[in-house]
$ cat query_28.txt   # compact mmCIF, C-alpha atoms (C1' of nucleotides)
# COMPACT_ATOMS: atom_id res chain seq x y z
CA MET A 1 23.42 90.65 134.15
CA LEU A 2 23.98 93.54 131.71
CA ILE A 3 27.39 94.52 130.42
CA GLY A 4 27.79 97.38 132.87
CA GLU A 5 27.26 95.07 135.82
CA LEU A 6 29.75 92.52 134.48
CA ALA A 7 32.20 95.35 133.90
CA LYS A 8 31.82 96.53 137.47
CA GLN A 9 32.17 93.02 138.90
CA THR A 10 35.30 92.16 136.92
CA GLY A 11 36.92 95.56 136.76
CA CYS A 12 37.04 95.23 132.99
CA ASP A 13 35.83 98.06 130.81
CA ALA A 14 32.55 97.38 128.97
CA GLU A 15 34.15 98.29 125.65
CA THR A 16 36.89 95.76 126.33
CA ILE A 17 34.29 93.08 127.06
CA ARG A 18 32.65 93.74 123.70
CA TYR A 19 36.10 93.68 122.14
CA TYR A 20 36.86 90.26 123.65
CA GLU A 21 33.54 88.99 122.32
CA ARG A 22 34.41 90.20 118.83
CA GLU A 23 37.81 88.53 119.16
CA GLY A 24 36.19 85.25 120.12
CA LEU A 25 37.60 85.15 123.65
CA LEU A 26 34.17 85.42 125.23
CA ARG A 27 31.12 83.38 124.30
CA LYS A 28 28.33 85.51 122.80
CA PRO A 29 25.75 86.23 125.46
CA SER A 30 22.03 86.01 124.87
CA ARG A 31 20.17 89.25 124.34
CA THR A 32 17.26 90.88 126.11
CA ALA A 33 14.15 91.81 124.13
CA SER A 34 15.69 95.22 123.49
CA GLY A 35 19.00 93.77 122.28
CA TYR A 36 21.08 94.29 125.42
CA ARG A 37 23.75 91.66 126.16
CA SER A 38 22.72 89.41 129.04
CA TYR A 39 25.53 87.64 130.89
CA THR A 40 25.59 84.62 133.22
CA GLY A 41 28.04 83.37 135.83
CA GLU A 42 29.69 81.29 133.14
CA HIS A 43 30.57 84.41 131.19
CA HIS A 44 31.88 85.93 134.40
CA GLY A 45 34.21 82.99 134.87
CA GLN A 46 35.35 83.01 131.28
CA LEU A 47 36.10 86.72 131.41
CA ASN A 48 38.06 86.26 134.63
CA PHE A 49 40.13 83.58 132.93
CA VAL A 50 40.96 85.98 130.12
CA LEU A 51 41.72 88.85 132.49
CA HIS A 52 43.92 86.66 134.64
CA CYS A 53 45.90 85.53 131.63
CA ARG A 54 46.22 89.15 130.49
CA THR A 55 47.67 90.25 133.83
CA LEU A 56 50.23 87.51 133.30
CA GLY A 57 51.19 89.20 130.06
CA MET A 58 49.79 86.60 127.71
CA THR A 59 48.70 87.65 124.25
CA LEU A 60 45.13 87.14 123.11
CA ALA A 61 46.39 84.45 120.74
CA GLU A 62 47.95 82.56 123.64
CA ILE A 63 44.74 82.86 125.61
CA ARG A 64 42.78 81.49 122.68
CA THR A 65 45.16 78.54 122.61
CA LEU A 66 44.63 77.90 126.32
CA GLN A 67 40.88 78.06 125.78
CA ASP A 68 41.20 75.42 123.08
CA PHE A 69 42.99 73.25 125.61
CA GLN A 70 40.20 73.82 128.10
CA ALA A 71 37.72 72.63 125.52
CA ASN A 72 39.59 69.34 125.23
CA PRO A 73 40.13 68.11 128.80
CA GLY A 74 41.27 64.66 127.66
CA PHE A 75 44.34 65.84 125.78
CA ALA A 76 47.81 65.75 127.31
CA CYS A 77 48.56 69.03 129.02
CA ASN A 78 52.16 69.07 127.91
CA ASP A 79 51.39 71.73 125.33
CA VAL A 80 50.10 73.97 128.09
CA ASN A 81 53.42 73.60 129.84
CA VAL A 82 55.29 74.38 126.64
CA LEU A 83 53.23 77.50 126.05
CA LEU A 84 53.91 78.68 129.56
CA ASP A 85 57.60 77.87 129.36
CA GLN A 86 57.89 79.88 126.16
CA HIS A 87 56.08 82.75 127.80
CA ILE A 88 58.36 82.62 130.83
CA SER A 89 61.49 82.66 128.71
CA ARG A 90 60.12 85.60 126.77
CA VAL A 91 59.60 87.49 130.01
CA LYS A 92 63.12 86.60 131.11
CA GLN A 93 64.52 87.94 127.86
CA GLN A 94 62.59 91.15 128.30
CA ILE A 95 63.96 91.57 131.81
CA GLU A 96 67.49 91.05 130.59
CA ALA A 97 67.07 93.53 127.76
CA LEU A 98 65.64 96.10 130.14
CA HIS A 99 68.54 95.66 132.54
CA LEU A 100 70.96 96.35 129.74
CA LEU A 101 68.89 99.34 128.73
CA GLU A 102 68.87 100.69 132.25
CA LYS A 103 72.63 100.45 132.46
CA GLN A 104 73.02 102.39 129.24
CA LEU A 105 70.53 105.01 130.33
CA VAL A 106 72.23 105.53 133.67
CA ALA A 107 75.60 105.82 131.95
CA LEU A 108 74.10 108.38 129.61
CA ARG A 109 72.55 110.25 132.49
CA ASN A 110 75.92 110.45 134.23
CA ARG A 111 77.29 112.44 131.33
CA CYS A 112 75.42 115.47 132.62
CA ARG A 113 75.42 115.85 136.37
CA ASP A 114 75.80 119.62 136.22
CA ASN A 115 73.33 122.24 135.29
CA LEU A 116 74.67 123.33 131.97
CA THR A 117 73.15 124.69 128.81
CA VAL A 118 71.74 122.41 126.17
CA GLY A 119 74.69 123.21 123.94
CA GLU A 120 77.14 121.87 126.50
CA CYS A 121 75.02 118.95 127.65
CA GLY A 122 76.93 115.70 127.54
CA ILE A 123 73.75 113.71 127.09
CA LEU A 124 72.74 115.31 123.83
CA LYS A 125 76.33 115.21 122.64
CA THR A 126 76.54 111.52 123.34
CA LEU A 127 73.24 110.78 121.68
CA ALA A 128 74.25 112.75 118.63
CA SER A 129 77.77 111.41 118.29
CA THR A 130 77.25 107.71 118.69
CA SER A 131 77.22 106.01 115.36
CA ALA A 132 74.59 103.52 114.32
CA GLY A 133 77.09 100.69 114.41
CA ASP A 134 77.28 101.03 118.17
CA ARG A 135 73.62 100.31 118.61
CA CYS A 136 72.97 97.32 120.79
CA ALA A 137 70.56 94.43 120.52
CA CYS A 138 68.10 95.90 122.99
CA ASP A 139 65.58 97.03 120.39
CA GLN A 140 63.10 94.49 121.67
CA ALA A 141 63.32 95.98 125.13
CA ALA A 142 60.57 98.56 124.82
CA MET B 1 72.73 109.69 98.65
CA LEU B 2 69.45 107.94 97.82
CA ILE B 3 67.23 106.39 100.47
CA GLY B 4 68.49 102.86 99.85
CA GLU B 5 72.06 103.93 100.48
CA LEU B 6 71.14 105.75 103.70
CA ALA B 7 69.18 102.68 104.77
CA LYS B 8 72.20 100.47 104.17
CA GLN B 9 74.56 102.83 106.01
CA THR B 10 72.36 103.19 109.08
CA GLY B 11 70.76 99.77 109.17
CA CYS B 12 67.37 101.43 109.18
CA ASP B 13 64.70 100.26 106.77
CA ALA B 14 63.90 102.69 103.96
CA GLU B 15 60.21 102.60 104.85
CA THR B 16 61.08 103.57 108.39
CA ILE B 17 63.16 106.49 107.13
CA ARG B 18 60.18 107.76 105.13
CA TYR B 19 58.03 107.21 108.21
CA TYR B 20 60.38 109.29 110.38
CA GLU B 21 60.26 112.04 107.78
CA ARG B 22 56.45 112.02 107.85
CA GLU B 23 56.58 112.13 111.65
CA GLY B 24 58.86 115.17 111.56
CA LEU B 25 61.86 113.40 113.11
CA LEU B 26 63.95 113.77 109.98
CA ARG B 27 64.37 116.93 107.92
CA LYS B 28 62.88 116.65 104.46
CA PRO B 29 65.65 115.94 101.99
CA SER B 30 65.94 117.65 98.64
CA ARG B 31 64.82 115.71 95.60
CA THR B 32 66.53 114.67 92.40
CA ALA B 33 65.06 115.69 89.06
CA SER B 34 63.03 112.49 89.05
CA GLY B 35 61.69 113.03 92.57
CA TYR B 36 64.00 110.69 94.49
CA ARG B 37 64.97 111.73 98.02
CA SER B 38 68.57 112.92 98.17
CA TYR B 39 70.26 112.76 101.57
CA THR B 40 73.36 114.46 103.00
CA GLY B 41 75.66 113.68 105.90
CA GLU B 42 73.51 115.90 108.06
CA HIS B 43 70.53 113.65 107.50
CA HIS B 44 72.72 110.69 108.28
CA GLY B 45 73.62 112.21 111.65
CA GLN B 46 70.06 113.13 112.43
CA LEU B 47 68.84 109.65 111.63
CA ASN B 48 71.54 108.15 113.83
CA PHE B 49 70.42 110.35 116.68
CA VAL B 50 66.87 109.06 116.29
CA LEU B 51 67.99 105.44 115.99
CA HIS B 52 70.22 105.73 119.01
CA CYS B 53 67.38 107.14 121.08
CA ARG B 54 65.11 104.36 119.86
CA THR B 55 67.53 101.65 120.94
CA LEU B 56 67.39 103.30 124.35
CA GLY B 57 63.65 102.73 124.32
CA MET B 58 62.60 106.33 123.92
CA THR B 59 59.32 107.11 122.27
CA LEU B 60 59.16 109.23 119.14
CA ALA B 61 57.57 111.99 121.22
CA GLU B 62 60.52 111.97 123.60
CA ILE B 63 62.93 112.12 120.68
CA ARG B 64 61.06 115.07 119.25
CA THR B 65 61.44 116.80 122.61
CA LEU B 66 65.17 116.14 122.62
CA GLN B 67 65.42 117.51 119.10
CA ASP B 68 63.69 120.66 120.28
CA PHE B 69 66.37 120.96 122.94
CA GLN B 70 69.06 120.49 120.31
CA ALA B 71 67.56 123.34 118.35
CA ASN B 72 68.00 125.64 121.36
CA PRO B 73 71.57 125.15 122.56
CA GLY B 74 71.43 128.13 124.91
CA PHE B 75 68.68 126.76 127.13
CA ALA B 76 69.41 125.06 130.42
CA CYS B 77 69.76 121.34 129.89
CA ASN B 78 67.99 120.48 133.10
CA ASP B 79 64.89 119.46 131.18
CA VAL B 80 66.97 116.94 129.28
CA ASN B 81 68.02 115.44 132.58
CA VAL B 82 64.44 115.36 133.77
CA LEU B 83 63.29 113.61 130.60
CA LEU B 84 66.01 111.03 130.96
CA ASP B 85 65.31 110.52 134.67
CA GLN B 86 61.65 109.93 133.91
CA HIS B 87 62.59 107.47 131.22
CA ILE B 88 64.96 105.63 133.55
CA SER B 89 62.34 105.35 136.27
CA ARG B 90 59.85 104.04 133.72
CA VAL B 91 62.33 101.36 132.70
CA LYS B 92 62.91 100.50 136.36
CA GLN B 93 59.19 100.14 136.89
CA GLN B 94 58.93 97.87 133.89
CA ILE B 95 61.72 95.70 135.22
CA GLU B 96 60.03 95.42 138.59
CA ALA B 97 56.69 94.56 137.04
CA LEU B 98 58.32 91.91 134.89
CA HIS B 99 60.07 90.38 137.89
CA LEU B 100 56.74 90.09 139.66
CA LEU B 101 55.24 88.61 136.53
CA GLU B 102 58.02 86.09 136.22
CA LYS B 103 57.51 84.97 139.81
CA GLN B 104 53.82 84.45 139.20
CA LEU B 105 54.42 82.60 135.97
CA VAL B 106 56.96 80.27 137.56
CA ALA B 107 54.59 79.60 140.45
CA LEU B 108 51.86 78.84 137.95
CA ARG B 109 54.17 76.59 135.97
CA ASN B 110 54.99 74.63 139.13
CA ARG B 111 51.37 73.62 139.43
CA CYS B 112 51.90 71.13 136.65
CA ARG B 113 55.21 69.32 136.71
CA ASP B 114 53.70 66.02 135.61
CA ASN B 115 52.43 64.93 132.28
CA LEU B 116 48.72 64.88 132.91
CA THR B 117 45.69 65.48 130.79
CA VAL B 118 44.36 68.94 130.20
CA GLY B 119 41.43 68.18 132.48
CA GLU B 120 43.74 67.52 135.42
CA CYS B 121 46.24 70.27 134.63
CA GLY B 122 46.85 72.48 137.63
CA ILE B 123 47.80 75.39 135.44
CA LEU B 124 44.47 75.66 133.67
CA LYS B 125 42.67 75.05 136.94
CA THR B 126 44.54 77.88 138.60
CA LEU B 127 43.98 80.23 135.72
CA ALA B 128 40.28 79.44 135.70
CA SER B 129 39.70 79.59 139.43
CA THR B 130 41.48 82.76 140.40
CA SER B 131 39.06 85.62 140.76
CA ALA B 132 39.58 88.98 139.18
CA GLY B 133 40.16 90.56 142.57
CA ASP B 134 43.43 88.69 142.84
CA ARG B 135 44.83 90.31 139.79
CA CYS B 136 47.97 92.25 140.43
CA ALA B 137 49.18 95.61 139.25
CA CYS B 138 51.46 94.17 136.60
CA ASP B 139 49.22 95.03 133.65
CA GLN B 140 51.80 97.50 132.42
CA ALA B 141 54.38 94.77 132.29
CA ALA B 142 53.83 93.62 128.74
C1' DC C 1 7.18 113.63 129.69
C1' DT C 2 11.61 114.65 130.20
C1' DT C 3 16.07 113.87 132.19
C1' DG C 4 19.77 110.88 132.89
C1' DA C 5 21.83 106.53 132.93
C1' DC C 6 22.24 102.82 130.54
C1' DC C 7 22.71 100.11 126.13
C1' DT C 8 23.57 99.40 120.80
C1' DT C 9 26.57 99.58 116.37
C1' DG C 10 30.16 101.31 113.68
C1' DT C 11 34.17 103.82 113.06
C1' DA C 12 38.54 106.06 114.08
C1' DG C 13 42.55 106.68 116.99
C1' DC C 14 46.74 105.23 119.57
C1' DT C 15 52.44 103.40 118.81
C1' DA C 16 55.97 102.42 115.74
C1' DC C 17 56.32 100.54 112.33
C1' DT C 18 55.72 96.98 108.15
C1' DC C 19 53.89 95.52 103.91
C1' DC C 20 51.71 95.93 99.66
C1' DA C 21 50.03 97.67 95.08
C1' DA C 22 50.58 100.34 91.17
C1' DG C 23 53.40 102.90 88.92
C1' DG C 24 57.82 105.83 87.44
C1' DT C 25 63.16 105.74 86.80
C1' DT C 26 67.68 104.07 86.25
C1' DT C 27 71.06 100.72 85.44
C1' DT C 28 72.66 96.67 83.42
C1' DA C 29 72.82 92.90 80.17
C1' DA C 30 71.67 90.52 75.82
C1' DT D 1 67.83 98.77 71.10
C1' DT D 2 65.31 96.85 74.24
C1' DA D 3 64.08 94.23 78.09
C1' DA D 4 64.69 92.91 82.67
C1' DA D 5 66.24 93.93 87.22
C1' DA D 6 66.75 97.05 90.76
C1' DC D 7 65.76 101.04 92.32
C1' DC D 8 62.43 104.87 93.65
C1' DT D 9 57.54 107.18 94.39
C1' DT D 10 52.76 107.64 96.79
C1' DG D 11 48.89 106.02 99.17
C1' DG D 12 46.56 102.82 101.83
C1' DA D 13 46.01 98.87 104.88
C1' DG D 14 47.55 95.82 108.62
C1' DT D 15 49.68 94.70 113.29
C1' DA D 16 48.10 94.39 119.18
C1' DG D 17 44.99 95.56 122.46
C1' DC D 18 42.50 98.34 123.45
C1' DT D 19 40.09 103.29 123.97
C1' DA D 20 37.08 106.88 122.54
C1' DC D 21 33.59 108.75 120.14
C1' DA D 22 29.20 109.65 117.45
C1' DA D 23 24.53 108.77 116.68
C1' DG D 24 21.00 106.55 118.16
C1' DG D 25 17.68 103.16 121.02
C1' DT D 26 15.84 101.82 125.94
C1' DC D 27 14.50 102.23 130.55
C1' DA D 28 13.54 103.89 135.38
C1' DA D 29 12.73 107.89 138.29
C1' DG D 30 10.74 112.31 139.28
$ encode --input "query_28.txt" --output "structure tokens"
Amino acid sequence: MLIGELAKQTGCDAETIRYYEREGLLRKPSRTASGYRSYTGEHHGQLNFVLHCRTLGMTLAEIRTLQDFQANPGFACNDVNVLLDQHISRVKQQIEALHLLEKQLVALRNRCRDNLTVGECGILKTLASTSAGDRCACDQAA
Amino acid sequence: MLIGELAKQTGCDAETIRYYEREGLLRKPSRTASGYRSYTGEHHGQLNFVLHCRTLGMTLAEIRTLQDFQANPGFACNDVNVLLDQHISRVKQQIEALHLLEKQLVALRNRCRDNLTVGECGILKTLASTSAGDRCACDQAA
DNA sequence: CTTGACCTTGTAGCTACTCCAAGGTTTTAA
DNA sequence: TTAAAACCTTGGAGTAGCTACAAGGTCAAG
């Protein structure tokens, strides 16, 4: 199977597949006589593992860690649980930060319900007037 | 005021201040005889505006747009409202995606409540077995 | 035998910084 | 007076996770 076919089957861009190979997340495939990458079902499975982890928001480093676990089936899987728990709590933090952010944005938005000029706009006034000390801890939110 | 002083007053790193200047978000300050940047209260206010927008998760491009509005006080501020509304709906989408993500992660985590070996771990099995077609639309979540 | 669809490598771009090196300036202390 | 510490300068590289492009090689169909 050439890279285009694997890309089609997995829904992953061919450039991204090459990128994952460079990053060591995908075993290097054999090559055809003309140098084209030639993939097997095993590569397909490995790529799906990576893609699945990515949709769950894991970083490439985390995925690499999970792959290391996979390579050592006899080890205790507690570390897998820990990794996942950390990831979950990170997601929870993000959600919380975004909720706070949303509240602030809606409050800001409510400062200009009318159709005024930019000079009178409560939103821009608020953004300009607030001092840096009032900034909240939601920097991580974005 | 030199850059270090402005950094201290605003809580913004000096390198970031120089970066904002390069990116056109901060007016270029005058220089001392020895070439040091010399800031005024106006710069202080402008930087605070940028920082405040950043804590609200706005991109630098959005902030530039808002600054353009500021420069034209006579214009209708409706576009400001639109920009903010778009930003709010983006944040809402992110929150939703993260909620979905969290649910999936917790479900995944529940596949291994015991202390098994990696080979028996339900988490890795699930991650490996799920096909790409099952991937959800939460890619934007991270 | 040429057109088009594929593949290759290498490099640069994206966001919003952050860090570093190599050097100039200013202040402070011995 | 001089030396060290604490500033400042520019330019360039690195971060994550791709994405896009250029310049070229390969292959099947018409």
$ atom_distance --input "query_28.txt" --atom1 "CA of Leu2 in chain B" --atom2 "C1' of DG24 in chain C"
15.7 Å
$ calpha_fit_and_write --input "query_28.txt" --fixed "chain A" --moving "chain B" --output "PDB file with C-alpha atoms, keeping the file's coordinate frame"
ATOM      1  CA  MET B   1      23.321  90.438 134.111  1.00  0.00           C
ATOM      2  CA  LEU B   2      23.844  93.361 131.725  1.00  0.00           C
ATOM      3  CA  ILE B   3      27.266  94.387 130.466  1.00  0.00           C
ATOM      4  CA  GLY B   4      27.631  97.232 132.957  1.00  0.00           C
ATOM      5  CA  GLU B   5      27.095  94.873 135.862  1.00  0.00           C
ATOM      6  CA  LEU B   6      29.623  92.355 134.521  1.00  0.00           C
ATOM      7  CA  ALA B   7      32.058  95.218 133.988  1.00  0.00           C
ATOM      8  CA  LYS B   8      31.623  96.336 137.583  1.00  0.00           C
ATOM      9  CA  GLN B   9      32.013  92.801 138.954  1.00  0.00           C
ATOM     10  CA  THR B  10      35.168  92.020 136.997  1.00  0.00           C
ATOM     11  CA  GLY B  11      36.748  95.448 136.866  1.00  0.00           C
ATOM     12  CA  CYS B  12      36.906  95.158 133.105  1.00  0.00           C
ATOM     13  CA  ASP B  13      35.655  98.002 130.949  1.00  0.00           C
ATOM     14  CA  ALA B  14      32.422  97.296 129.080  1.00  0.00           C
ATOM     15  CA  GLU B  15      34.045  98.257 125.785  1.00  0.00           C
ATOM     16  CA  THR B  16      36.778  95.742 126.441  1.00  0.00           C
ATOM     17  CA  ILE B  17      34.194  93.042 127.131  1.00  0.00           C
ATOM     18  CA  ARG B  18      32.556  93.740 123.766  1.00  0.00           C
ATOM     19  CA  TYR B  19      36.019  93.717 122.209  1.00  0.00           C
ATOM     20  CA  TYR B  20      36.808  90.296 123.702  1.00  0.00           C
ATOM     21  CA  GLU B  21      33.516  89.005 122.347  1.00  0.00           C
ATOM     22  CA  ARG B  22      34.388  90.270 118.860  1.00  0.00           C
ATOM     23  CA  GLU B  23      37.808  88.636 119.189  1.00  0.00           C
ATOM     24  CA  GLY B  24      36.214  85.306 120.093  1.00  0.00           C
ATOM     25  CA  LEU B  25      37.605  85.207 123.641  1.00  0.00           C
ATOM     26  CA  LEU B  26      34.170  85.423 125.209  1.00  0.00           C
ATOM     27  CA  ARG B  27      31.121  83.388 124.226  1.00  0.00           C
ATOM     28  CA  LYS B  28      28.357  85.489 122.737  1.00  0.00           C
ATOM     29  CA  PRO B  29      25.751  86.142 125.394  1.00  0.00           C
ATOM     30  CA  SER B  30      22.038  85.900 124.772  1.00  0.00           C
ATOM     31  CA  ARG B  31      20.145  89.132 124.297  1.00  0.00           C
ATOM     32  CA  THR B  32      17.204  90.710 126.060  1.00  0.00           C
ATOM     33  CA  ALA B  33      14.105  91.644 124.091  1.00  0.00           C
ATOM     34  CA  SER B  34      15.609  95.067 123.472  1.00  0.00           C
ATOM     35  CA  GLY B  35      18.935  93.667 122.265  1.00  0.00           C
ATOM     36  CA  TYR B  36      21.004  94.142 125.426  1.00  0.00           C
ATOM     37  CA  ARG B  37      23.683  91.537 126.146  1.00  0.00           C
ATOM     38  CA  SER B  38      22.660  89.254 128.999  1.00  0.00           C
ATOM     39  CA  TYR B  39      25.476  87.487 130.840  1.00  0.00           C
ATOM     40  CA  THR B  40      25.558  84.431 133.120  1.00  0.00           C
ATOM     41  CA  GLY B  41      27.998  83.187 135.729  1.00  0.00           C
ATOM     42  CA  GLU B  42      29.677  81.155 133.033  1.00  0.00           C
ATOM     43  CA  HIS B  43      30.554  84.300 131.135  1.00  0.00           C
ATOM     44  CA  HIS B  44      31.813  85.794 134.352  1.00  0.00           C
ATOM     45  CA  GLY B  45      34.197  82.864 134.810  1.00  0.00           C
ATOM     46  CA  GLN B  46      35.349  82.961 131.233  1.00  0.00           C
ATOM     47  CA  LEU B  47      36.053  86.664 131.416  1.00  0.00           C
ATOM     48  CA  ASN B  48      38.012  86.178 134.626  1.00  0.00           C
ATOM     49  CA  PHE B  49      40.113  83.547 132.930  1.00  0.00           C
ATOM     50  CA  VAL B  50      40.940  85.993 130.145  1.00  0.00           C
ATOM     51  CA  LEU B  51      41.658  88.836 132.565  1.00  0.00           C
ATOM     52  CA  HIS B  52      43.860  86.652 134.701  1.00  0.00           C
ATOM     53  CA  CYS B  53      45.876  85.581 131.680  1.00  0.00           C
ATOM     54  CA  ARG B  54      46.179  89.201 130.597  1.00  0.00           C
ATOM     55  CA  THR B  55      47.580  90.286 133.948  1.00  0.00           C
ATOM     56  CA  LEU B  56      50.175  87.577 133.403  1.00  0.00           C
ATOM     57  CA  GLY B  57      51.128  89.329 130.187  1.00  0.00           C
ATOM     58  CA  MET B  58      49.760  86.756 127.794  1.00  0.00           C
ATOM     59  CA  THR B  59      48.672  87.835 124.367  1.00  0.00           C
ATOM     60  CA  LEU B  60      45.117  87.306 123.186  1.00  0.00           C
ATOM     61  CA  ALA B  61      46.421  84.657 120.788  1.00  0.00           C
ATOM     62  CA  GLU B  62      47.990  82.749 123.664  1.00  0.00           C
ATOM     63  CA  ILE B  63      44.755  82.964 125.625  1.00  0.00           C
ATOM     64  CA  ARG B  64      42.836  81.627 122.663  1.00  0.00           C
ATOM     65  CA  THR B  65      45.249  78.696 122.561  1.00  0.00           C
ATOM     66  CA  LEU B  66      44.698  78.009 126.245  1.00  0.00           C
ATOM     67  CA  GLN B  67      40.953  78.138 125.708  1.00  0.00           C
ATOM     68  CA  ASP B  68      41.330  75.556 122.969  1.00  0.00           C
ATOM     69  CA  PHE B  69      43.103  73.355 125.491  1.00  0.00           C
ATOM     70  CA  GLN B  70      40.286  73.892 127.970  1.00  0.00           C
ATOM     71  CA  ALA B  71      37.837  72.726 125.352  1.00  0.00           C
ATOM     72  CA  ASN B  72      39.723  69.424 125.060  1.00  0.00           C
ATOM     73  CA  PRO B  73      40.239  68.177 128.610  1.00  0.00           C
ATOM     74  CA  GLY B  74      41.411  64.747 127.476  1.00  0.00           C
ATOM     75  CA  PHE B  75      44.490  65.966 125.631  1.00  0.00           C
ATOM     76  CA  ALA B  76      47.930  65.882 127.183  1.00  0.00           C
ATOM     77  CA  CYS B  77      48.633  69.158 128.918  1.00  0.00           C
ATOM     78  CA  ASN B  78      52.240  69.223 127.841  1.00  0.00           C
ATOM     79  CA  ASP B  79      51.478  71.890 125.263  1.00  0.00           C
ATOM     80  CA  VAL B  80      50.154  74.099 128.030  1.00  0.00           C
ATOM     81  CA  ASN B  81      53.468  73.733 129.798  1.00  0.00           C
ATOM     82  CA  VAL B  82      55.339  74.531 126.619  1.00  0.00           C
ATOM     83  CA  LEU B  83      53.268  77.662 126.034  1.00  0.00           C
ATOM     84  CA  LEU B  84      53.902  78.819 129.562  1.00  0.00           C
ATOM     85  CA  ASP B  85      57.624  78.029 129.364  1.00  0.00           C
ATOM     86  CA  GLN B  86      57.897  80.058 126.182  1.00  0.00           C
ATOM     87  CA  HIS B  87      56.068  82.909 127.825  1.00  0.00           C
ATOM     88  CA  ILE B  88      58.330  82.774 130.874  1.00  0.00           C
ATOM     89  CA  SER B  89      61.470  82.819 128.757  1.00  0.00           C
ATOM     90  CA  ARG B  90      60.100  85.778 126.811  1.00  0.00           C
ATOM     91  CA  VAL B  91      59.554  87.644 130.065  1.00  0.00           C
ATOM     92  CA  LYS B  92      63.079  86.745 131.176  1.00  0.00           C
ATOM     93  CA  GLN B  93      64.469  88.090 127.935  1.00  0.00           C
ATOM     94  CA  GLN B  94      62.544  91.302 128.381  1.00  0.00           C
ATOM     95  CA  ILE B  95      63.913  91.702 131.878  1.00  0.00           C
ATOM     96  CA  GLU B  96      67.453  91.180 130.658  1.00  0.00           C
ATOM     97  CA  ALA B  97      67.027  93.645 127.823  1.00  0.00           C
ATOM     98  CA  LEU B  98      65.612  96.215 130.210  1.00  0.00           C
ATOM     99  CA  HIS B  99      68.514  95.758 132.613  1.00  0.00           C
ATOM    100  CA  LEU B 100      70.935  96.424 129.784  1.00  0.00           C
ATOM    101  CA  LEU B 101      68.884  99.425 128.775  1.00  0.00           C
ATOM    102  CA  GLU B 102      68.870 100.774 132.290  1.00  0.00           C
ATOM    103  CA  LYS B 103      72.649 100.490 132.497  1.00  0.00           C
ATOM    104  CA  GLN B 104      73.042 102.411 129.269  1.00  0.00           C
ATOM    105  CA  LEU B 105      70.582 105.065 130.327  1.00  0.00           C
ATOM    106  CA  VAL B 106      72.297 105.584 133.673  1.00  0.00           C
ATOM    107  CA  ALA B 107      75.672 105.813 131.949  1.00  0.00           C
ATOM    108  CA  LEU B 108      74.212 108.362 129.572  1.00  0.00           C
ATOM    109  CA  ARG B 109      72.675 110.294 132.439  1.00  0.00           C
ATOM    110  CA  ASN B 110      76.065 110.454 134.166  1.00  0.00           C
ATOM    111  CA  ARG B 111      77.444 112.412 131.254  1.00  0.00           C
ATOM    112  CA  CYS B 112      75.629 115.461 132.526  1.00  0.00           C
ATOM    113  CA  ARG B 113      75.602 115.879 136.276  1.00  0.00           C
ATOM    114  CA  ASP B 114      76.031 119.643 136.102  1.00  0.00           C
ATOM    115  CA  ASN B 115      73.615 122.312 135.139  1.00  0.00           C
ATOM    116  CA  LEU B 116      74.990 123.349 131.792  1.00  0.00           C
ATOM    117  CA  THR B 117      73.480 124.684 128.634  1.00  0.00           C
ATOM    118  CA  VAL B 118      72.044 122.399 126.025  1.00  0.00           C
ATOM    119  CA  GLY B 119      75.009 123.133 123.782  1.00  0.00           C
ATOM    120  CA  GLU B 120      77.443 121.767 126.356  1.00  0.00           C
ATOM    121  CA  CYS B 121      75.259 118.887 127.528  1.00  0.00           C
ATOM    122  CA  GLY B 122      77.131 115.609 127.427  1.00  0.00           C
ATOM    123  CA  ILE B 123      73.936 113.662 127.020  1.00  0.00           C
ATOM    124  CA  LEU B 124      72.922 115.243 123.738  1.00  0.00           C
ATOM    125  CA  LYS B 125      76.505 115.080 122.540  1.00  0.00           C
ATOM    126  CA  THR B 126      76.673 111.378 123.265  1.00  0.00           C
ATOM    127  CA  LEU B 127      73.353 110.687 121.644  1.00  0.00           C
ATOM    128  CA  ALA B 128      74.381 112.610 118.552  1.00  0.00           C
ATOM    129  CA  SER B 129      77.872 111.207 118.208  1.00  0.00           C
ATOM    130  CA  THR B 130      77.311 107.515 118.672  1.00  0.00           C
ATOM    131  CA  SER B 131      77.179 105.735 115.359  1.00  0.00           C
ATOM    132  CA  ALA B 132      74.480 103.306 114.422  1.00  0.00           C
ATOM    133  CA  GLY B 133      76.930 100.425 114.565  1.00  0.00           C
ATOM    134  CA  ASP B 134      77.125 100.825 118.315  1.00  0.00           C
ATOM    135  CA  ARG B 135      73.484 100.170 118.767  1.00  0.00           C
ATOM    136  CA  CYS B 136      72.752  97.206 120.938  1.00  0.00           C
ATOM    137  CA  ALA B 137      70.276  94.389 120.662  1.00  0.00           C
ATOM    138  CA  CYS B 138      67.855  95.903 123.141  1.00  0.00           C
ATOM    139  CA  ASP B 139      65.330  97.077 120.553  1.00  0.00           C
ATOM    140  CA  GLN B 140      62.821  94.584 121.878  1.00  0.00           C
ATOM    141  CA  ALA B 141      63.086  96.108 125.303  1.00  0.00           C
ATOM    142  CA  ALA B 142      60.337  98.675 125.011  1.00  0.00           C
TER     143      ALA B 142
END
$ residues_around --input "query_28.txt" --residues "DT11 in chain C" --least-positions-apart "4" --cutoff "12 Å" --atoms "all atoms listed in the file" --output "list in words"
DA20, DC21, DA22 and DA23 of chain D
$ closest_atom_pairs --input "query_28.txt" --of "chain C" --to "chain B" --cutoff "8 Å" --atoms "all atoms listed in the file" --output "tab-separated table"
residue	atom	partner	partner_atom	distance
C:DC17	C1'	B:Thr16	CA	6.9
C:DT18	C1'	B:Glu15	CA	7.9
C:DT25	C1'	B:Ser34	CA	7.1
$ atom_distance --input "query_28.txt" --atom1 "CA of His43 in chain B" --atom2 "CA of Glu120 in chain A"
21.7 Å
